[in-house]
Structure formats: structure tokens, C-alpha cells
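> Got a structure for you, my_file_27.pdb, holding PDB, C-alpha atoms.
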```pdb
ATOM      1  CA  ASP A 125     -35.766 -22.560  72.747
ATOM      2  CA  LEU A 126     -34.895 -24.320  76.024
ATOM      3  CA  GLY A 127     -33.227 -21.143  77.278
ATOM      4  CA  ALA A 128     -29.521 -21.853  76.757
ATOM      5  CA  ASN A 129     -27.274 -18.841  77.290
ATOM      6  CA  VAL A 130     -24.705 -20.114  74.780
ATOM      7  CA  MET A 131     -24.842 -22.683  71.959
ATOM      8  CA  GLU A 132     -21.759 -24.846  71.314
ATOM      9  CA  GLN A 133     -20.481 -25.986  67.932
ATOM     10  CA  ASP A 134     -17.399 -28.091  67.170
ATOM     11  CA  ILE A 135     -15.944 -27.392  63.753
ATOM     12  CA  VAL A 136     -14.029 -29.572  61.309
ATOM     13  CA  PRO A 137     -13.186 -28.943  57.635
ATOM     14  CA  THR A 138     -14.394 -30.464  54.390
ATOM     15  CA  LYS A 139     -12.081 -31.483  51.579
ATOM     16  CA  ASP A 140     -12.762 -28.161  49.860
ATOM     17  CA  GLY A 141     -12.084 -26.061  52.948
ATOM     18  CA  HIS A 142     -15.549 -25.349  54.333
ATOM     19  CA  LEU A 143     -16.089 -25.472  58.091
ATOM     20  CA  VAL A 144     -18.860 -27.819  59.198
ATOM     21  CA  CYS A 145     -20.272 -28.586  62.621
ATOM     22  CA  ARG A 146     -19.463 -32.102  63.814
ATOM     23  CA  HIS A 147     -18.091 -33.278  67.132
ATOM     24  CA  GLU A 148     -15.481 -35.249  65.195
ATOM     25  CA  ASN A 149     -14.209 -35.497  61.642
ATOM     26  CA  ASP A 150     -15.118 -39.205  61.871
ATOM     27  CA  ILE A 151     -18.768 -39.094  60.780
ATOM     28  CA  THR A 152     -19.386 -42.849  60.889
ATOM     29  CA  GLY A 153     -21.533 -42.700  64.017
ATOM     30  CA  THR A 154     -23.228 -39.338  63.520
ATOM     31  CA  THR A 155     -24.470 -39.642  59.928
ATOM     32  CA  ASP A 156     -25.980 -42.223  57.588
ATOM     33  CA  VAL A 157     -22.810 -42.299  55.471
ATOM     34  CA  ALA A 158     -22.448 -46.085  55.848
ATOM     35  CA  SER A 159     -25.704 -46.583  53.940
ATOM     36  CA  HIS A 160     -24.528 -44.513  50.959
ATOM     37  CA  THR A 161     -23.060 -47.085  48.587
ATOM     38  CA  GLU A 162     -21.609 -44.324  46.416
ATOM     39  CA  PHE A 163     -19.231 -43.504  49.280
ATOM     40  CA  ALA A 164     -18.287 -47.068  50.211
ATOM     41  CA  ASP A 165     -14.782 -46.583  48.822
ATOM     42  CA  ARG A 166     -14.216 -43.595  51.126
ATOM     43  CA  LYS A 167     -14.101 -45.825  54.199
ATOM     44  CA  THR A 168     -10.560 -45.807  55.512
ATOM     45  CA  THR A 169      -8.365 -45.985  58.594
ATOM     46  CA  LYS A 170      -6.670 -42.854  59.926
ATOM     47  CA  VAL A 171      -4.622 -41.905  62.941
ATOM     48  CA  VAL A 172      -5.991 -38.714  64.497
ATOM     49  CA  ASP A 173      -4.061 -37.297  67.445
ATOM     50  CA  GLY A 174      -2.378 -40.637  67.990
ATOM     51  CA  VAL A 175      -5.564 -42.734  67.907
ATOM     52  CA  SER A 176      -6.540 -45.049  65.044
ATOM     53  CA  TYR A 177     -10.073 -44.788  63.633
ATOM     54  CA  THR A 178     -11.762 -46.671  60.813
ATOM     55  CA  GLY A 179     -14.670 -45.028  59.059
ATOM     56  CA  TRP A 180     -15.554 -41.999  56.983
ATOM     57  CA  PHE A 181     -14.014 -38.544  57.546
ATOM     58  CA  THR A 182     -15.146 -35.026  56.654
ATOM     59  CA  GLU A 183     -11.825 -34.116  55.060
ATOM     60  CA  ASP A 184     -12.433 -36.745  52.360
ATOM     61  CA  PHE A 185     -15.727 -35.173  51.251
ATOM     62  CA  THR A 186     -16.618 -31.942  49.515
ATOM     63  CA  LEU A 187     -19.323 -29.855  51.127
ATOM     64  CA  ALA A 188     -21.735 -30.794  48.343
ATOM     65  CA  GLU A 189     -21.116 -34.474  49.077
ATOM     66  CA  LEU A 190     -21.574 -34.042  52.828
ATOM     67  CA  LYS A 191     -24.874 -32.281  52.197
ATOM     68  CA  THR A 192     -26.267 -35.524  50.717
ATOM     69  CA  LEU A 193     -25.884 -37.186  54.132
ATOM     70  CA  ARG A 194     -28.261 -36.939  57.072
ATOM     71  CA  ALA A 195     -27.499 -36.738  60.773
ATOM     72  CA  LYS A 196     -28.335 -39.428  63.305
ATOM     73  CA  GLU A 197     -28.009 -40.013  67.052
ATOM     74  CA  ARG A 198     -24.486 -41.051  68.081
ATOM     75  CA  ILE A 199     -25.428 -43.098  71.169
ATOM     76  CA  PRO A 200     -28.920 -44.480  70.445
ATOM     77  CA  GLY A 201     -28.800 -46.905  73.365
ATOM     78  CA  THR A 202     -28.498 -43.996  75.790
ATOM     79  CA  ARG A 203     -30.438 -41.345  73.890
ATOM     80  CA  GLN A 204     -33.236 -43.445  72.415
ATOM     81  CA  GLU A 205     -35.652 -40.524  72.135
ATOM     82  CA  ASN A 206     -33.227 -38.685  69.873
ATOM     83  CA  THR A 207     -33.442 -41.455  67.274
ATOM     84  CA  LEU A 208     -36.880 -40.080  66.375
ATOM     85  CA  TYR A 209     -35.015 -37.368  64.454
ATOM     86  CA  ASP A 210     -32.553 -39.632  62.625
ATOM     87  CA  GLY A 211     -32.410 -38.670  58.957
ATOM     88  CA  ARG A 212     -34.204 -35.336  59.403
ATOM     89  CA  TRP A 213     -31.307 -32.884  59.242
ATOM     90  CA  GLU A 214     -28.173 -32.156  57.216
ATOM     91  CA  ILE A 215     -24.708 -31.460  58.563
ATOM     92  CA  PRO A 216     -24.718 -27.687  59.080
ATOM     93  CA  THR A 217     -21.884 -25.453  58.017
ATOM     94  CA  PHE A 218     -20.582 -23.012  60.590
ATOM     95  CA  GLU A 219     -21.707 -20.186  58.333
ATOM     96  CA  GLU A 220     -25.239 -21.576  58.437
ATOM     97  CA  VAL A 221     -25.048 -21.523  62.231
ATOM     98  CA  LEU A 222     -23.887 -17.904  62.132
ATOM     99  CA  ARG A 223     -26.830 -17.017  59.886
ATOM    100  CA  TRP A 224     -29.173 -18.881  62.228
ATOM    101  CA  ALA A 225     -27.766 -16.982  65.203
ATOM    102  CA  GLU A 226     -28.300 -13.639  63.454
ATOM    103  CA  LYS A 227     -31.883 -14.578  62.544
ATOM    104  CA  GLU A 228     -32.659 -15.806  66.065
ATOM    105  CA  GLY A 229     -31.055 -12.708  67.545
ATOM    106  CA  ARG A 230     -33.312 -10.432  65.538
ATOM    107  CA  LYS A 231     -36.357 -12.484  66.525
ATOM    108  CA  ARG A 232     -35.491 -12.509  70.224
ATOM    109  CA  GLY A 233     -34.122  -8.981  70.467
ATOM    110  CA  ARG A 234     -30.692 -10.075  71.740
ATOM    111  CA  ARG A 235     -27.536 -11.448  70.203
ATOM    112  CA  ILE A 236     -27.147 -15.226  70.404
ATOM    113  CA  TRP A 237     -23.913 -16.374  72.005
ATOM    114  CA  LEU A 238     -21.912 -19.162  70.343
ATOM    115  CA  HIS A 239     -19.117 -21.335  71.783
ATOM    116  CA  VAL A 240     -16.959 -22.550  68.888
ATOM    117  CA  GLU A 241     -14.392 -25.325  69.241
ATOM    118  CA  THR A 242     -11.583 -26.003  66.771
ATOM    119  CA  LYS A 243     -11.238 -29.805  66.650
ATOM    120  CA  HIS A 244      -7.856 -31.444  65.981
ATOM    121  CA  PRO A 245      -6.310 -28.204  64.659
ATOM    122  CA  THR A 246      -2.723 -29.526  64.401
ATOM    123  CA  TYR A 247      -3.918 -32.611  62.491
ATOM    124  CA  PHE A 248      -5.844 -30.486  60.003
ATOM    125  CA  ARG A 249      -3.082 -27.918  59.560
ATOM    126  CA  LYS A 250      -0.771 -30.745  58.493
ATOM    127  CA  LEU A 251      -3.340 -31.606  55.810
ATOM    128  CA  GLY A 252      -3.357 -28.028  54.551
ATOM    129  CA  LEU A 253      -6.793 -27.461  56.086
ATOM    130  CA  GLY A 254      -5.990 -25.030  58.880
ATOM    131  CA  LEU A 255      -9.084 -24.096  60.864
ATOM    132  CA  GLU A 256      -8.203 -20.764  62.389
ATOM    133  CA  GLU A 257      -7.899 -18.596  59.266
ATOM    134  CA  PRO A 258     -11.274 -19.522  57.702
ATOM    135  CA  LEU A 259     -12.881 -19.296  61.142
ATOM    136  CA  ALA A 260     -11.493 -15.794  61.664
ATOM    137  CA  LYS A 261     -12.695 -14.770  58.201
ATOM    138  CA  LEU A 262     -16.246 -15.885  58.987
ATOM    139  CA  LEU A 263     -16.164 -14.149  62.363
ATOM    140  CA  ARG A 264     -15.155 -10.891  60.710
ATOM    141  CA  THR A 265     -17.883 -11.297  58.068
ATOM    142  CA  TYR A 266     -20.537 -11.695  60.769
ATOM    143  CA  ASP A 267     -19.069  -9.100  63.157
ATOM    144  CA  ARG A 268     -18.075 -11.592  65.833
ATOM    145  CA  HIS A 269     -14.379 -10.792  65.829
ATOM    146  CA  ARG A 270     -14.388  -8.085  68.488
ATOM    147  CA  LYS A 271     -13.464  -8.098  72.170
ATOM    148  CA  ASN A 272     -17.119  -7.835  73.220
ATOM    149  CA  SER A 273     -18.523 -10.161  70.549
ATOM    150  CA  PRO A 274     -21.064 -12.794  71.688
ATOM    151  CA  VAL A 275     -18.786 -15.717  70.959
ATOM    152  CA  PHE A 276     -16.248 -17.879  72.766
ATOM    153  CA  LEU A 277     -13.512 -19.568  70.726
ATOM    154  CA  GLN A 278     -12.181 -22.706  72.353
ATOM    155  CA  SER A 279      -9.743 -25.545  71.756
ATOM    156  CA  PHE A 280      -7.970 -28.352  73.573
ATOM    157  CA  GLU A 281      -4.801 -27.190  71.778
ATOM    158  CA  PRO A 282      -3.408 -23.965  73.285
ATOM    159  CA  SER A 283      -1.533 -23.138  70.067
ATOM    160  CA  SER A 284      -4.858 -22.926  68.211
ATOM    161  CA  ILE A 285      -6.075 -20.340  70.715
ATOM    162  CA  GLN A 286      -2.787 -18.452  70.454
ATOM    163  CA  ARG A 287      -3.192 -18.394  66.675
ATOM    164  CA  LEU A 288      -6.755 -17.114  66.998
ATOM    165  CA  ASP A 289      -5.527 -14.464  69.437
ATOM    166  CA  ARG A 290      -3.411 -13.060  66.615
ATOM    167  CA  LEU A 291      -6.332 -13.112  64.166
ATOM    168  CA  VAL A 292      -9.329 -11.797  66.139
ATOM    169  CA  ASP A 293     -10.169 -10.102  69.431
ATOM    170  CA  SER A 294     -13.020 -12.467  70.356
ATOM    171  CA  PRO A 295     -13.085 -14.066  73.835
ATOM    172  CA  LEU A 296     -10.822 -17.141  73.975
ATOM    173  CA  VAL A 297     -10.973 -20.314  76.081
ATOM    174  CA  VAL A 298      -8.484 -23.162  76.557
ATOM    175  CA  LEU A 299     -10.135 -26.542  77.115
ATOM    176  CA  LEU A 300      -8.471 -28.913  79.573
ATOM    177  CA  SER A 301      -8.869 -32.685  79.631
ATOM    178  CA  GLY A 302      -7.695 -35.157  82.281
ATOM    179  CA  ALA A 303      -4.838 -34.097  84.556
ATOM    180  CA  ALA A 304      -2.426 -36.705  83.213
ATOM    181  CA  THR A 305      -3.053 -35.893  79.550
ATOM    182  CA  ARG A 306      -1.074 -33.609  77.233
ATOM    183  CA  PRO A 307      -2.599 -31.366  74.576
ATOM    184  CA  TRP A 308      -1.869 -32.894  71.183
ATOM    185  CA  ASP A 309       0.008 -29.822  69.977
ATOM    186  CA  PHE A 310       2.288 -30.255  73.030
ATOM    187  CA  VAL A 311       2.923 -33.859  71.975
ATOM    188  CA  GLU A 312       3.771 -32.750  68.434
ATOM    189  CA  ALA A 313       6.027 -29.932  69.665
ATOM    190  CA  GLY A 314       7.757 -31.994  72.338
ATOM    191  CA  ASP A 315       6.368 -29.807  75.135
ATOM    192  CA  PRO A 316       6.470 -32.028  78.261
ATOM    193  CA  ARG A 317       3.774 -30.160  80.179
ATOM    194  CA  THR A 318       0.591 -31.976  81.117
ATOM    195  CA  VAL A 319      -2.810 -30.607  82.021
ATOM    196  CA  ALA A 320      -1.756 -31.008  85.659
ATOM    197  CA  ASP A 321       0.958 -28.445  84.936
ATOM    198  CA  LEU A 322      -1.446 -26.089  83.185
ATOM    199  CA  VAL A 323      -3.842 -25.947  86.161
ATOM    200  CA  LYS A 324      -1.085 -24.862  88.516
ATOM    201  CA  PRO A 325      -0.856 -21.091  89.158
ATOM    202  CA  GLU A 326       2.073 -20.683  86.747
ATOM    203  CA  GLY A 327       0.253 -22.624  84.041
ATOM    204  CA  LEU A 328      -2.884 -20.575  84.542
ATOM    205  CA  ALA A 329      -0.848 -17.364  84.342
ATOM    206  CA  TRP A 330       0.528 -18.564  80.994
ATOM    207  CA  ILE A 331      -2.983 -19.273  79.707
ATOM    208  CA  ALA A 332      -4.186 -15.878  80.957
ATOM    209  CA  SER A 333      -1.496 -14.181  78.855
ATOM    210  CA  TYR A 334      -3.516 -14.919  75.698
ATOM    211  CA  ALA A 335      -6.924 -16.338  76.752
ATOM    212  CA  ASN A 336      -9.906 -15.206  78.796
ATOM    213  CA  GLY A 337     -10.981 -18.478  80.308
ATOM    214  CA  ILE A 338     -10.628 -22.225  80.674
ATOM    215  CA  GLY A 339     -12.995 -25.108  80.073
ATOM    216  CA  PRO A 340     -11.767 -27.860  82.385
ATOM    217  CA  THR A 341     -13.280 -31.303  82.695
ATOM    218  CA  LEU A 342     -15.497 -31.493  85.782
ATOM    219  CA  ASP A 343     -13.024 -33.915  87.363
ATOM    220  CA  LEU A 344     -10.455 -31.096  87.534
ATOM    221  CA  ILE A 345     -12.939 -29.156  89.674
ATOM    222  CA  ILE A 346     -13.935 -32.074  91.925
ATOM    223  CA  PRO A 347     -12.000 -35.335  91.399
ATOM    224  CA  ARG A 348     -13.724 -38.698  91.705
ATOM    225  CA  ASP A 349     -12.440 -41.684  93.655
ATOM    226  CA  SER A 350     -12.043 -45.202  92.265
ATOM    227  CA  GLY A 351     -15.738 -45.842  92.853
ATOM    228  CA  GLY A 352     -16.797 -42.762  90.897
ATOM    229  CA  ARG A 353     -17.790 -40.752  93.970
ATOM    230  CA  LEU A 354     -16.875 -37.090  94.370
ATOM    231  CA  THR A 355     -13.962 -36.210  96.633
ATOM    232  CA  THR A 356     -12.673 -32.844  97.876
ATOM    233  CA  PRO A 357     -12.802 -29.920  95.416
ATOM    234  CA  THR A 358      -9.454 -28.698  94.125
ATOM    235  CA  THR A 359      -8.320 -25.080  94.288
ATOM    236  CA  LEU A 360      -8.697 -24.669  90.511
ATOM    237  CA  VAL A 361     -11.692 -22.306  90.663
ATOM    238  CA  ALA A 362      -9.981 -19.931  93.078
ATOM    239  CA  ASP A 363      -6.625 -20.227  91.303
ATOM    240  CA  ALA A 364      -8.136 -19.479  87.892
ATOM    241  CA  HIS A 365     -10.142 -16.548  89.206
ATOM    242  CA  ALA A 366      -6.980 -15.196  90.792
ATOM    243  CA  LYS A 367      -5.474 -15.033  87.288
ATOM    244  CA  GLY A 368      -8.565 -13.330  85.868
ATOM    245  CA  LEU A 369      -9.836 -16.428  84.058
ATOM    246  CA  ILE A 370     -13.455 -17.538  83.869
ATOM    247  CA  LEU A 371     -14.305 -21.235  84.170
ATOM    248  CA  HIS A 372     -16.866 -23.140  82.094
ATOM    249  CA  PRO A 373     -16.297 -26.825  82.979
ATOM    250  CA  TYR A 374     -17.772 -29.704  80.961
ATOM    251  CA  THR A 375     -20.047 -31.714  80.688
ATOM    252  CA  MET A 376     -23.104 -32.268  82.897
ATOM    253  CA  ARG A 377     -25.551 -34.900  81.664
ATOM    254  CA  ASN A 378     -28.624 -36.369  83.314
ATOM    255  CA  GLU A 379     -27.969 -40.075  82.759
ATOM    256  CA  ASN A 380     -26.589 -42.259  85.559
ATOM    257  CA  SER A 381     -23.668 -43.372  83.417
ATOM    258  CA  PHE A 382     -22.345 -39.809  83.275
ATOM    259  CA  LEU A 383     -23.141 -38.666  86.817
ATOM    260  CA  PRO A 384     -20.893 -39.073  89.854
ATOM    261  CA  ALA A 385     -21.789 -42.266  91.730
ATOM    262  CA  ASP A 386     -23.166 -40.141  94.584
ATOM    263  CA  PHE A 387     -26.050 -39.004  92.387
ATOM    264  CA  ARG A 388     -26.996 -42.146  90.466
ATOM    265  CA  LYS A 389     -30.466 -43.634  90.959
ATOM    266  CA  GLY A 390     -31.087 -47.332  90.453
ATOM    267  CA  THR A 391     -29.013 -49.666  88.298
ATOM    268  CA  ASP A 392     -30.019 -48.605  84.773
ATOM    269  CA  PRO A 393     -27.052 -46.637  83.369
ATOM    270  CA  ASN A 394     -29.348 -44.848  80.896
ATOM    271  CA  ALA A 395     -31.913 -43.750  83.500
ATOM    272  CA  TYR A 396     -31.818 -40.206  84.850
ATOM    273  CA  GLY A 397     -30.160 -39.765  88.218
ATOM    274  CA  ASP A 398     -30.173 -36.843  90.645
ATOM    275  CA  ALA A 399     -28.781 -34.308  88.206
ATOM    276  CA  PHE A 400     -30.096 -31.412  90.301
ATOM    277  CA  GLY A 401     -28.024 -32.561  93.256
ATOM    278  CA  ALA A 402     -24.912 -32.842  91.103
ATOM    279  CA  PHE A 403     -25.431 -29.408  89.553
ATOM    280  CA  LYS A 404     -25.677 -27.840  93.021
ATOM    281  CA  VAL A 405     -22.379 -29.384  94.127
ATOM    282  CA  TYR A 406     -20.602 -27.990  91.059
ATOM    283  CA  PHE A 407     -22.292 -24.576  91.373
ATOM    284  CA  ASP A 408     -21.137 -24.450  95.007
ATOM    285  CA  THR A 409     -17.509 -24.392  93.829
ATOM    286  CA  GLY A 410     -17.943 -20.928  92.279
ATOM    287  CA  ILE A 411     -17.722 -21.836  88.583
ATOM    288  CA  ASP A 412     -18.907 -19.198  86.103
ATOM    289  CA  GLY A 413     -20.822 -21.496  83.764
ATOM    290  CA  ILE A 414     -21.170 -25.121  82.792
ATOM    291  CA  PHE A 415     -21.584 -27.160  79.641
ATOM    292  CA  THR A 416     -24.611 -29.447  79.717
ATOM    293  CA  ASP A 417     -26.473 -31.652  77.261
ATOM    294  CA  ASN A 418     -29.687 -30.903  79.174
ATOM    295  CA  THR A 419     -30.229 -27.164  79.074
ATOM    296  CA  ASP A 420     -33.623 -27.173  80.775
ATOM    297  CA  THR A 421     -32.291 -29.216  83.710
ATOM    298  CA  GLY A 422     -29.257 -26.970  84.063
ATOM    299  CA  LEU A 423     -31.259 -23.756  84.029
ATOM    300  CA  LEU A 424     -33.753 -25.063  86.580
ATOM    301  CA  ALA A 425     -30.872 -26.202  88.783
ATOM    302  CA  HIS A 426     -29.312 -22.745  88.514
ATOM    303  CA  ALA A 427     -32.600 -21.058  89.366
ATOM    304  CA  ASP A 428     -32.779 -23.236  92.483
ATOM    305  CA  PHE A 429     -29.200 -22.320  93.322
ATOM    306  CA  VAL A 430     -29.651 -18.549  93.074
ATOM    307  CA  GLY A 431     -33.138 -18.613  94.584
ATOM    308  CA  ASP A 432     -35.099 -17.458  91.547
TER     309      ASP A 432
END
```
Step by step, read the file and then write its structure as C-alpha cells.


Amino acid sequence: DLGANVMEQDIVPTKDGHLVCRHENDITGTTDVASHTEFADRKTTKVVDGVSYTGWFTEDFTLAELKTLRAKERIPGTRQENTLYDGRWEIPTFEEVLRWAEKEGRKRGRRIWLHVETKHPTYFRKLGLGLEEPLAKLLRTYDRHRKNSPVFLQSFEPSSIQRLDRLVDSPLVVLLSGAATRPWDFVEAGDPRTVADLVKPEGLAWIASYANGIGPTLDLIIPRDSGGRLTTPTTLVADAHAKGLILHPYTMRNENSFLPADFRKGTDPNAYGDAFGAFKVYFDTGIDGIFTDNTDTGLLAHADFVGD
């Protein structure tokens, strides 16, 4: 309704193999699960991609059980207005999102693009809950498995994208975190390469052999100094384009705490800064798209940029 070109969903599995849309399998902060006494004994500690978490996890619940929970705002201190909707909605399945997209597409006279991320795919495959096969099955069911389908499939683990490349022809994107980090599947496989290696021309050529694009963190496009201010843009945009890859970096947000120091206003970290100024700087680099939590701001900034 705000005009987004693409809607993003992160998917994780339930105990009985359904794909649901949550940013993480740890649902402690995004649902009211802690208030459900019937699930008190499900609270546990797990190590996910090398990090320990204590809480409740989707893989310990059936879909029917998850549907008794309600969603809530993850960072209420920052996004206070969102708390108005706490308790209103269920956790959606990915299939429900696909049905929604088909319904909205018919209403609007155009197909609705989705950007689907497989979360922690190596972790879940070890549990016998591989994400790629059920995802591919749903994509085929809803005719989103073709080369020109209105869907991007993305992951921080290149092996998940390589697996999807063997299952469907949909557009594929490799997500890239901080330069010094390693994808978790690389850690598990003993692959020494870091993200810094993957954004070099040879790394980008390797990604281009099976994917259509990359989703780098904004700091890989324009690094920040120790004070949080933007420095000189890297050559990543030009290098990726030279390999035929599109770039959709992440994530622009309006709050001071997320913006580069150059564009913060005042001292309140939760107040809105000069997001329009920040958008323009990133658009100037030649990126093809951008992830944002504030669609209306992003679209207005883009209209300013292109002179609409």
C-alpha cells in the first residue's frame, strides 16, 4: 500500500516442516510466546551459527502451535508506534504470503514481487529441516520458479543459493555481511574465504556463476569511519556490474541510530534524521535497489533523485 516494489520475507521452519515468516527462528522478541504458560517448558538455550540464544524457537513448535501466538514489535523503544499492533496478527506461513501476493496482484493488475530469504539453512539442514526443497515446491505450485518470475531468492549462505539454483530458475541473490565475516556454511565447510574475498572481482565472478545479484550491507558500498561518518565509496558497485550482477544493499532506516553520523539530527537515537540525504548518497553510487524499513521515505527519495 505504501508503494514498495518488492516485499521481503525471511523464512524459517516449524517442527512439522512448514515454512513460516520470521526474521529469526528465535521468536522470543517477536511474539507473545513468553506469556503462554503452556509453552513455558519449551524455553531453551541453543547455539545457532555459533551464537548462543536462550528463548523459544520455531523448530520446537508445530504450525498449529505457532498459530496460537501473536506477533509483537521487536524493538518497542525505537518503534513505539508499532506497538499499537501488538497482538493483532499471527505468524504467517510463506504459503499464506504467496496467496496474499496472488490476491493483491489480481487486485492491482500486476504481479507482486517477493524477496525471500532462507535463514540459517545449514543449521536447519542438520536438524532434518532443509529449507530449499519445500521452498522450491511452493514456488513451483505458485508459478514462481521460472527465470522471469517476480521473486528473488536470497541467503547469507552461498551454498543455499547454489542448492536453489539446482531446484528452480528463479532470480537468485547472495547476501553479504561485514567484510571481515565468513558465511556460516563456509565456517562449517572449512572454506577460509571472507566477505572481503567475495567482493573482489574473482569472488564476484564466482557468485555470478550461479546467482543474479548480491545484497551487500551498505557499509560495503560506502564504509564508515570510527565516528560513524561515511568515507569514500568502494568499487563494489562497478565491480559487481562488470560481472553482470545487480546490487540491492541493505538496510536504510529513518532513525538516527541506524543512519550514518553525517545525517543524524539531534541527540535522540530514536528520532528521525536526514534519511533523504542518506538515500541520495547511496543512490549516487549506482545501486540498482535498496532495502528499507520505510518504503514511503525511500520512494520519495528516489523520486527526488530521478526528478519525478

> Could you name the residues that touch A:Ile411 at 10 Å or less, counting all atoms listed in the file, but leaving out those on the same chain fewer than 4 positions away, as a list in words?

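The filter keeps Ile345, Leu360, Val361, Ala362, Ala364, His365, Ile370, Leu371, His372, Pro373, Tyr406 and Phe407 of chain A.
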
> Quick one: distance from atom CA of A:Thr217 to atom CA of A:Glu132 in Å, one decimal?

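It comes out at 13.3 Å.
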
> Using the chain letters and numbers from the file, which residues does the PyMOL selection byres ((chain A and resi 289-300) around 7) grab, as a PyMOL selection string?

chain A and resi 260+268-273+275-280+282+285-288+301-302+319+334-341

> Once the PyMOL selection byres ((chain A and resi 139) around 7) is applied to the coordinates I shared, what remains selected? I want it as a list in words.

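Residues picked by the PyMOL selection byres ((chain A and resi 139) around 7): Pro137, Thr138, Asp140, Gly141, Thr182, Glu183, Asp184, Phe185 and Thr186 of chain A.
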
> Do a neighbour search on A:Asp417 at 9 Å with only C-alpha atoms, toss out local chain neighbours closer than 3 positions, and write the hits as a VMD selection string.

chain A and resid 375 to 378 422

> Produce the centre coordinates and the three edge lengths, each in Å to one decimal, of the box along x, y and z that contains all listed atoms of stretch 409-415 of chain A with 6 Å added on each side, as lines of an AutoDock Vina configuration file.


```
center_x = -19.5
center_y = -23.2
center_z = 86.7
size_x = 16.1
size_y = 20.0
size_z = 26.2
```

> Go through stretch 208-271 of chain A residue by residue and, counting only C-alpha atoms, keep those with an atom at most 7 Å from stretch 144-149 of chain A; for each kept residue give the shortest atom pair and its distance in Å to one decimal, ordered by chain and increasing number, as a Markdown table.


```
| residue | atom | partner | partner_atom | distance |
| --- | --- | --- | --- | --- |
| A:Ile215 | CA | A:Cys145 | CA | 6.7 |
| A:Pro216 | CA | A:Cys145 | CA | 5.8 |
| A:Thr217 | CA | A:Val144 | CA | 4.0 |
| A:Phe218 | CA | A:Val144 | CA | 5.3 |
```

> Keeping only C-alpha atoms, write the selected residues as a JSON list (two decimals), in the frame of the given file.


```json
[["chain", "number", "residue", "atom", "x", "y", "z"],
["A", 215, "ILE", "CA", -24.71, -31.46, 58.56],
["A", 216, "PRO", "CA", -24.72, -27.69, 59.08],
["A", 217, "THR", "CA", -21.88, -25.45, 58.02],
["A", 218, "PHE", "CA", -20.58, -23.01, 60.59]]
```

> What does the distance from atom CA of A:Leu143 to atom CA of A:Arg249 come to in Å, to one decimal?

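Distance between the two atoms: 13.3 Å.
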
> Any idea what the distance is between atom CA of A:Thr168 and atom CA of A:Pro307?

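Between atom CA of A:Thr168 and atom CA of A:Pro307 the gap is 25.2 Å.
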
> With only C-alpha atoms as the counted atoms, please give the residues lying no more than 8 Å from A:Thr419, apart from itself and same-chain residues fewer than 4 positions off, as a list in words.

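Everything that qualifies: Leu126, Gly127, Ala128 and Leu423 of chain A.
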
> Since I can't run it myself right now, could you work out what the PyMOL selection byres ((chain A and resi 207-210) around 12) selects here and report it as a VMD selection string?

chain A and resid 153 to 156 193 to 206 211 to 214

> Can you pull out every residue within 12 Å of A:Thr355, counting only C-alpha atoms, but drop anything in the same chain fewer than 3 positions away, and send it as a ChimeraX atom specification?

/A:342-352,358,384-386,405-406

> From the options A:Leu383, A:Ile135, A:Ala427, A:Ala225, which residue's atoms come nearest to A:Leu253, counting only C-alpha atoms?

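For A:Leu253, the nearest of the given residues is A:Ile135.
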
> Select all residues near (-5.9, -35.7, 65.5) (cut-off 12 Å, inclusive, file coordinates), counting all atoms listed in the file, and output them as number ranges by chain.

A: 136, 148-150, 170-177, 181, 242-251, 280-281, 307-309, 311-312

> Which residue, A:Ile331, A:Leu190, A:Leu262, A:Ile236, has the smallest gap to A:Glu219 when you use all atoms listed in the file?

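Result for the nearest residue to A:Glu219: A:Leu262.
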
> Looking at A:Thr391, A:Asp420, A:His142, A:Ala399, which one is nearest to A:Gly254, with distances taken over all atoms listed in the file?

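Selected residue with least distance to A:Gly254: A:His142.
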
> When you count all atoms listed in the file, which of these residues is closest to A:Ala425: A:Val157, A:Ala329, A:Ala402, A:Val221?

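Among A:Val157, A:Ala329, A:Ala402, A:Val221, it is A:Ala402 that comes nearest to A:Ala425.
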
> Taking only C-alpha atoms into account, which of A:Arg223, A:Thr178, A:Ser284, A:Lys367 comes nearest A:Pro325?

A:Lys367
